[in-house]
Amino acid sequence: VSTQSTGIHSLFPANPEGASPYSPSSRRWLNIMYIDVSSVPEFALSAEARQRVGSAEFQQRLHKARDSHWVNYTEVSQLKMSVLPLLFSEFKARHLDKNTDRARAFLDFVEKGGDSLLHQAAFDALHADLHAEDSNMWGWPVFPEKYRTFDAAGTQ
């Protein structure tokens with residue numbers, strides 16, 4: 001029996017520099033940093049997302065990140081994470097709020113993901129908040145007691 005881990009597994013969005021294929025936060029879910037934001041259908045529909053990506057500041061940061069010899073995971077993460085919520089807002093307005101076929105496909109994906117997806121989402125959200133306050137907050141074992149397990153009241 002072999003356990004494989006590759007760079008496409010979910011890592012730690014709150015700690016982009018911890019980009020090791022040998023210690024993913026999940027071997028089931030994918031690394032969101034591989035999302036090409038400009039290929040997400042909502043990108044073409046979101047004036048705000050296109051304006052952000054097209055801004056001089058964004059383009060300057062993007063070119064600097066692309067020209068770097070080594071991947072600047074923090075910068076790539078910050079750039080992508082400045083656009084992804086805009087795309088989700090567009091998706092919500094155009095699909096989730098209108099219960100379209102695409103919304104139903106998304107909700108089916110969420111349902112099929114079950115507890116595993118819920119746990120991953122909860123971990124990523126908690127990790128982002130806690131890591132922003134203390135960079136030593138690397139995972140469930142070192143989270144404050146009230147957040148240490150998924151079933152803890154603080155986590156819910």
# chains A, B, ... in the order shown; residues from 1 in each chain; ligands from 1
call {"tool": "residues_around", "arguments": {"residues": "Ala49 (chain A)", "least_positions_apart": "3", "cutoff": "10 Å", "atoms": "only C-alpha atoms", "output": "list in words"}}
result
Val37, Ser38, Glu42, Phe43, Ala44, Leu45, Ser46, Arg52, Val53, Gly54, Ser55, Ser82, Val83, Leu84, Pro85, Leu86, Leu87 and Glu90 of chain A
call {"tool": "select_by_dssp", "arguments": {"residues": "chain A", "states": "strand (DSSP E or B)", "output": "ChimeraX atom specification"}}
result
/A:9-10,26-30
call {"tool": "select_by_dssp", "arguments": {"residues": "region 20-156 of chain A", "states": "alpha helix (DSSP H)", "output": "PyMOL selection string"}}
result
chain A and resi 41-45+47-54+56-67+73-81+84-94+101-133
call {"tool": "atom_distance", "arguments": {"atom1": "CA of Arg102 (chain A)", "atom2": "CA of Trp29 (chain A)"}}
result
20.3 Å
call {"tool": "atom_distance", "arguments": {"atom1": "CA of Ile35 (chain A)", "atom2": "CA of Lys80 (chain A)"}}
result
8.2 Å
call {"tool": "decode", "arguments": {"residues": "region 95-126 of chain A", "atoms": "N, CA, C and O atoms", "output": "PDB file, in the first residue's frame"}}
result
ATOM      1  N   HIS A  95     -25.851  32.396  -9.976  1.00  0.00           N
ATOM      2  CA  HIS A  95     -26.240  30.986  -9.958  1.00  0.00           C
ATOM      3  C   HIS A  95     -26.886  30.537  -8.650  1.00  0.00           C
ATOM      4  O   HIS A  95     -28.008  30.036  -8.667  1.00  0.00           O
ATOM      5  N   LEU A  96     -26.192  30.691  -7.540  1.00  0.00           N
ATOM      6  CA  LEU A  96     -26.753  30.193  -6.281  1.00  0.00           C
ATOM      7  C   LEU A  96     -28.068  30.884  -5.942  1.00  0.00           C
ATOM      8  O   LEU A  96     -29.035  30.221  -5.552  1.00  0.00           O
ATOM      9  N   ASP A  97     -28.106  32.191  -6.078  1.00  0.00           N
ATOM     10  CA  ASP A  97     -29.331  32.932  -5.749  1.00  0.00           C
ATOM     11  C   ASP A  97     -30.475  32.616  -6.694  1.00  0.00           C
ATOM     12  O   ASP A  97     -31.639  32.854  -6.362  1.00  0.00           O
ATOM     13  N   LYS A  98     -30.165  32.066  -7.858  1.00  0.00           N
ATOM     14  CA  LYS A  98     -31.196  31.771  -8.873  1.00  0.00           C
ATOM     15  C   LYS A  98     -31.415  30.273  -9.066  1.00  0.00           C
ATOM     16  O   LYS A  98     -32.191  29.865  -9.931  1.00  0.00           O
ATOM     17  N   ASN A  99     -30.701  29.468  -8.291  1.00  0.00           N
ATOM     18  CA  ASN A  99     -30.834  28.010  -8.345  1.00  0.00           C
ATOM     19  C   ASN A  99     -30.708  27.461  -9.770  1.00  0.00           C
ATOM     20  O   ASN A  99     -31.516  26.654 -10.218  1.00  0.00           O
ATOM     21  N   THR A 100     -29.667  27.880 -10.468  1.00  0.00           N
ATOM     22  CA  THR A 100     -29.438  27.431 -11.841  1.00  0.00           C
ATOM     23  C   THR A 100     -28.879  26.006 -11.849  1.00  0.00           C
ATOM     24  O   THR A 100     -28.542  25.441 -10.807  1.00  0.00           O
ATOM     25  N   ASP A 101     -28.736  25.438 -13.033  1.00  0.00           N
ATOM     26  CA  ASP A 101     -28.131  24.105 -13.157  1.00  0.00           C
ATOM     27  C   ASP A 101     -26.718  24.101 -12.576  1.00  0.00           C
ATOM     28  O   ASP A 101     -26.310  23.143 -11.922  1.00  0.00           O
ATOM     29  N   ARG A 102     -26.000  25.160 -12.820  1.00  0.00           N
ATOM     30  CA  ARG A 102     -24.629  25.237 -12.294  1.00  0.00           C
ATOM     31  C   ARG A 102     -24.622  25.308 -10.773  1.00  0.00           C
ATOM     32  O   ARG A 102     -23.766  24.725 -10.119  1.00  0.00           O
ATOM     33  N   ALA A 103     -25.594  26.016 -10.205  1.00  0.00           N
ATOM     34  CA  ALA A 103     -25.714  26.079  -8.741  1.00  0.00           C
ATOM     35  C   ALA A 103     -26.010  24.685  -8.194  1.00  0.00           C
ATOM     36  O   ALA A 103     -25.417  24.268  -7.193  1.00  0.00           O
ATOM     37  N   ARG A 104     -26.897  23.977  -8.847  1.00  0.00           N
ATOM     38  CA  ARG A 104     -27.236  22.622  -8.385  1.00  0.00           C
ATOM     39  C   ARG A 104     -26.028  21.691  -8.497  1.00  0.00           C
ATOM     40  O   ARG A 104     -25.807  20.852  -7.630  1.00  0.00           O
ATOM     41  N   ALA A 105     -25.228  21.849  -9.533  1.00  0.00           N
ATOM     42  CA  ALA A 105     -24.008  21.034  -9.671  1.00  0.00           C
ATOM     43  C   ALA A 105     -23.035  21.354  -8.535  1.00  0.00           C
ATOM     44  O   ALA A 105     -22.413  20.452  -7.965  1.00  0.00           O
ATOM     45  N   PHE A 106     -22.903  22.629  -8.205  1.00  0.00           N
ATOM     46  CA  PHE A 106     -22.035  23.035  -7.105  1.00  0.00           C
ATOM     47  C   PHE A 106     -22.545  22.461  -5.780  1.00  0.00           C
ATOM     48  O   PHE A 106     -21.767  21.896  -4.995  1.00  0.00           O
ATOM     49  N   LEU A 107     -23.835  22.586  -5.526  1.00  0.00           N
ATOM     50  CA  LEU A 107     -24.408  22.077  -4.277  1.00  0.00           C
ATOM     51  C   LEU A 107     -24.296  20.555  -4.200  1.00  0.00           C
ATOM     52  O   LEU A 107     -24.088  20.000  -3.112  1.00  0.00           O
ATOM     53  N   ASP A 108     -24.375  19.890  -5.354  1.00  0.00           N
ATOM     54  CA  ASP A 108     -24.173  18.441  -5.401  1.00  0.00           C
ATOM     55  C   ASP A 108     -22.726  18.097  -5.037  1.00  0.00           C
ATOM     56  O   ASP A 108     -22.469  17.151  -4.291  1.00  0.00           O
ATOM     57  N   PHE A 109     -21.785  18.874  -5.550  1.00  0.00           N
ATOM     58  CA  PHE A 109     -20.370  18.697  -5.211  1.00  0.00           C
ATOM     59  C   PHE A 109     -20.164  18.851  -3.706  1.00  0.00           C
ATOM     60  O   PHE A 109     -19.480  18.052  -3.072  1.00  0.00           O
ATOM     61  N   VAL A 110     -20.759  19.891  -3.121  1.00  0.00           N
ATOM     62  CA  VAL A 110     -20.637  20.133  -1.684  1.00  0.00           C
ATOM     63  C   VAL A 110     -21.232  18.962  -0.904  1.00  0.00           C
ATOM     64  O   VAL A 110     -20.621  18.471   0.055  1.00  0.00           O
ATOM     65  N   GLU A 111     -22.397  18.499  -1.335  1.00  0.00           N
ATOM     66  CA  GLU A 111     -23.039  17.376  -0.643  1.00  0.00           C
ATOM     67  C   GLU A 111     -22.198  16.107  -0.748  1.00  0.00           C
ATOM     68  O   GLU A 111     -22.002  15.397   0.245  1.00  0.00           O
ATOM     69  N   LYS A 112     -21.664  15.833  -1.921  1.00  0.00           N
ATOM     70  CA  LYS A 112     -20.815  14.647  -2.102  1.00  0.00           C
ATOM     71  C   LYS A 112     -19.519  14.762  -1.306  1.00  0.00           C
ATOM     72  O   LYS A 112     -18.968  13.761  -0.866  1.00  0.00           O
ATOM     73  N   GLY A 113     -19.034  15.978  -1.127  1.00  0.00           N
ATOM     74  CA  GLY A 113     -17.822  16.193  -0.326  1.00  0.00           C
ATOM     75  C   GLY A 113     -18.056  15.865   1.136  1.00  0.00           C
ATOM     76  O   GLY A 113     -17.117  15.499   1.850  1.00  0.00           O
ATOM     77  N   GLY A 114     -19.288  16.013   1.576  1.00  0.00           N
ATOM     78  CA  GLY A 114     -19.687  15.627   2.927  1.00  0.00           C
ATOM     79  C   GLY A 114     -18.841  16.245   4.025  1.00  0.00           C
ATOM     80  O   GLY A 114     -18.351  17.374   3.922  1.00  0.00           O
ATOM     81  N   ASP A 115     -18.676  15.458   5.078  1.00  0.00           N
ATOM     82  CA  ASP A 115     -17.930  15.932   6.247  1.00  0.00           C
ATOM     83  C   ASP A 115     -16.484  16.263   5.907  1.00  0.00           C
ATOM     84  O   ASP A 115     -15.910  17.195   6.472  1.00  0.00           O
ATOM     85  N   SER A 116     -15.897  15.527   4.969  1.00  0.00           N
ATOM     86  CA  SER A 116     -14.505  15.782   4.614  1.00  0.00           C
ATOM     87  C   SER A 116     -14.326  17.201   4.078  1.00  0.00           C
ATOM     88  O   SER A 116     -13.403  17.919   4.477  1.00  0.00           O
ATOM     89  N   LEU A 117     -15.221  17.625   3.199  1.00  0.00           N
ATOM     90  CA  LEU A 117     -15.146  18.974   2.645  1.00  0.00           C
ATOM     91  C   LEU A 117     -15.451  20.013   3.718  1.00  0.00           C
ATOM     92  O   LEU A 117     -14.781  21.045   3.807  1.00  0.00           O
ATOM     93  N   LEU A 118     -16.438  19.739   4.549  1.00  0.00           N
ATOM     94  CA  LEU A 118     -16.779  20.651   5.639  1.00  0.00           C
ATOM     95  C   LEU A 118     -15.609  20.822   6.601  1.00  0.00           C
ATOM     96  O   LEU A 118     -15.280  21.937   7.006  1.00  0.00           O
ATOM     97  N   HIS A 119     -14.945  19.724   6.937  1.00  0.00           N
ATOM     98  CA  HIS A 119     -13.783  19.784   7.828  1.00  0.00           C
ATOM     99  C   HIS A 119     -12.650  20.590   7.178  1.00  0.00           C
ATOM    100  O   HIS A 119     -11.983  21.383   7.854  1.00  0.00           O
ATOM    101  N   GLN A 120     -12.419  20.379   5.883  1.00  0.00           N
ATOM    102  CA  GLN A 120     -11.358  21.112   5.189  1.00  0.00           C
ATOM    103  C   GLN A 120     -11.662  22.602   5.165  1.00  0.00           C
ATOM    104  O   GLN A 120     -10.785  23.430   5.429  1.00  0.00           O
ATOM    105  N   ALA A 121     -12.904  22.955   4.862  1.00  0.00           N
ATOM    106  CA  ALA A 121     -13.291  24.366   4.821  1.00  0.00           C
ATOM    107  C   ALA A 121     -13.168  25.003   6.204  1.00  0.00           C
ATOM    108  O   ALA A 121     -12.671  26.132   6.336  1.00  0.00           O
ATOM    109  N   ALA A 122     -13.604  24.278   7.236  1.00  0.00           N
ATOM    110  CA  ALA A 122     -13.505  24.802   8.602  1.00  0.00           C
ATOM    111  C   ALA A 122     -12.041  24.985   8.989  1.00  0.00           C
ATOM    112  O   ALA A 122     -11.664  26.015   9.573  1.00  0.00           O
ATOM    113  N   PHE A 123     -11.220  23.993   8.664  1.00  0.00           N
ATOM    114  CA  PHE A 123      -9.791  24.105   8.984  1.00  0.00           C
ATOM    115  C   PHE A 123      -9.182  25.315   8.289  1.00  0.00           C
ATOM    116  O   PHE A 123      -8.476  26.117   8.912  1.00  0.00           O
ATOM    117  N   ASP A 124      -9.430  25.459   6.989  1.00  0.00           N
ATOM    118  CA  ASP A 124      -8.836  26.576   6.248  1.00  0.00           C
ATOM    119  C   ASP A 124      -9.280  27.921   6.818  1.00  0.00           C
ATOM    120  O   ASP A 124      -8.471  28.848   6.933  1.00  0.00           O
ATOM    121  N   ALA A 125     -10.552  28.048   7.181  1.00  0.00           N
ATOM    122  CA  ALA A 125     -11.060  29.310   7.734  1.00  0.00           C
ATOM    123  C   ALA A 125     -10.440  29.597   9.104  1.00  0.00           C
ATOM    124  O   ALA A 125      -9.972  30.712   9.358  1.00  0.00           O
ATOM    125  N   LEU A 126     -10.427  28.595   9.979  1.00  0.00           N
ATOM    126  CA  LEU A 126      -9.828  28.768  11.301  1.00  0.00           C
ATOM    127  C   LEU A 126      -8.334  29.054  11.196  1.00  0.00           C
ATOM    128  O   LEU A 126      -7.807  29.943  11.866  1.00  0.00           O
TER     129      LEU A 126
END
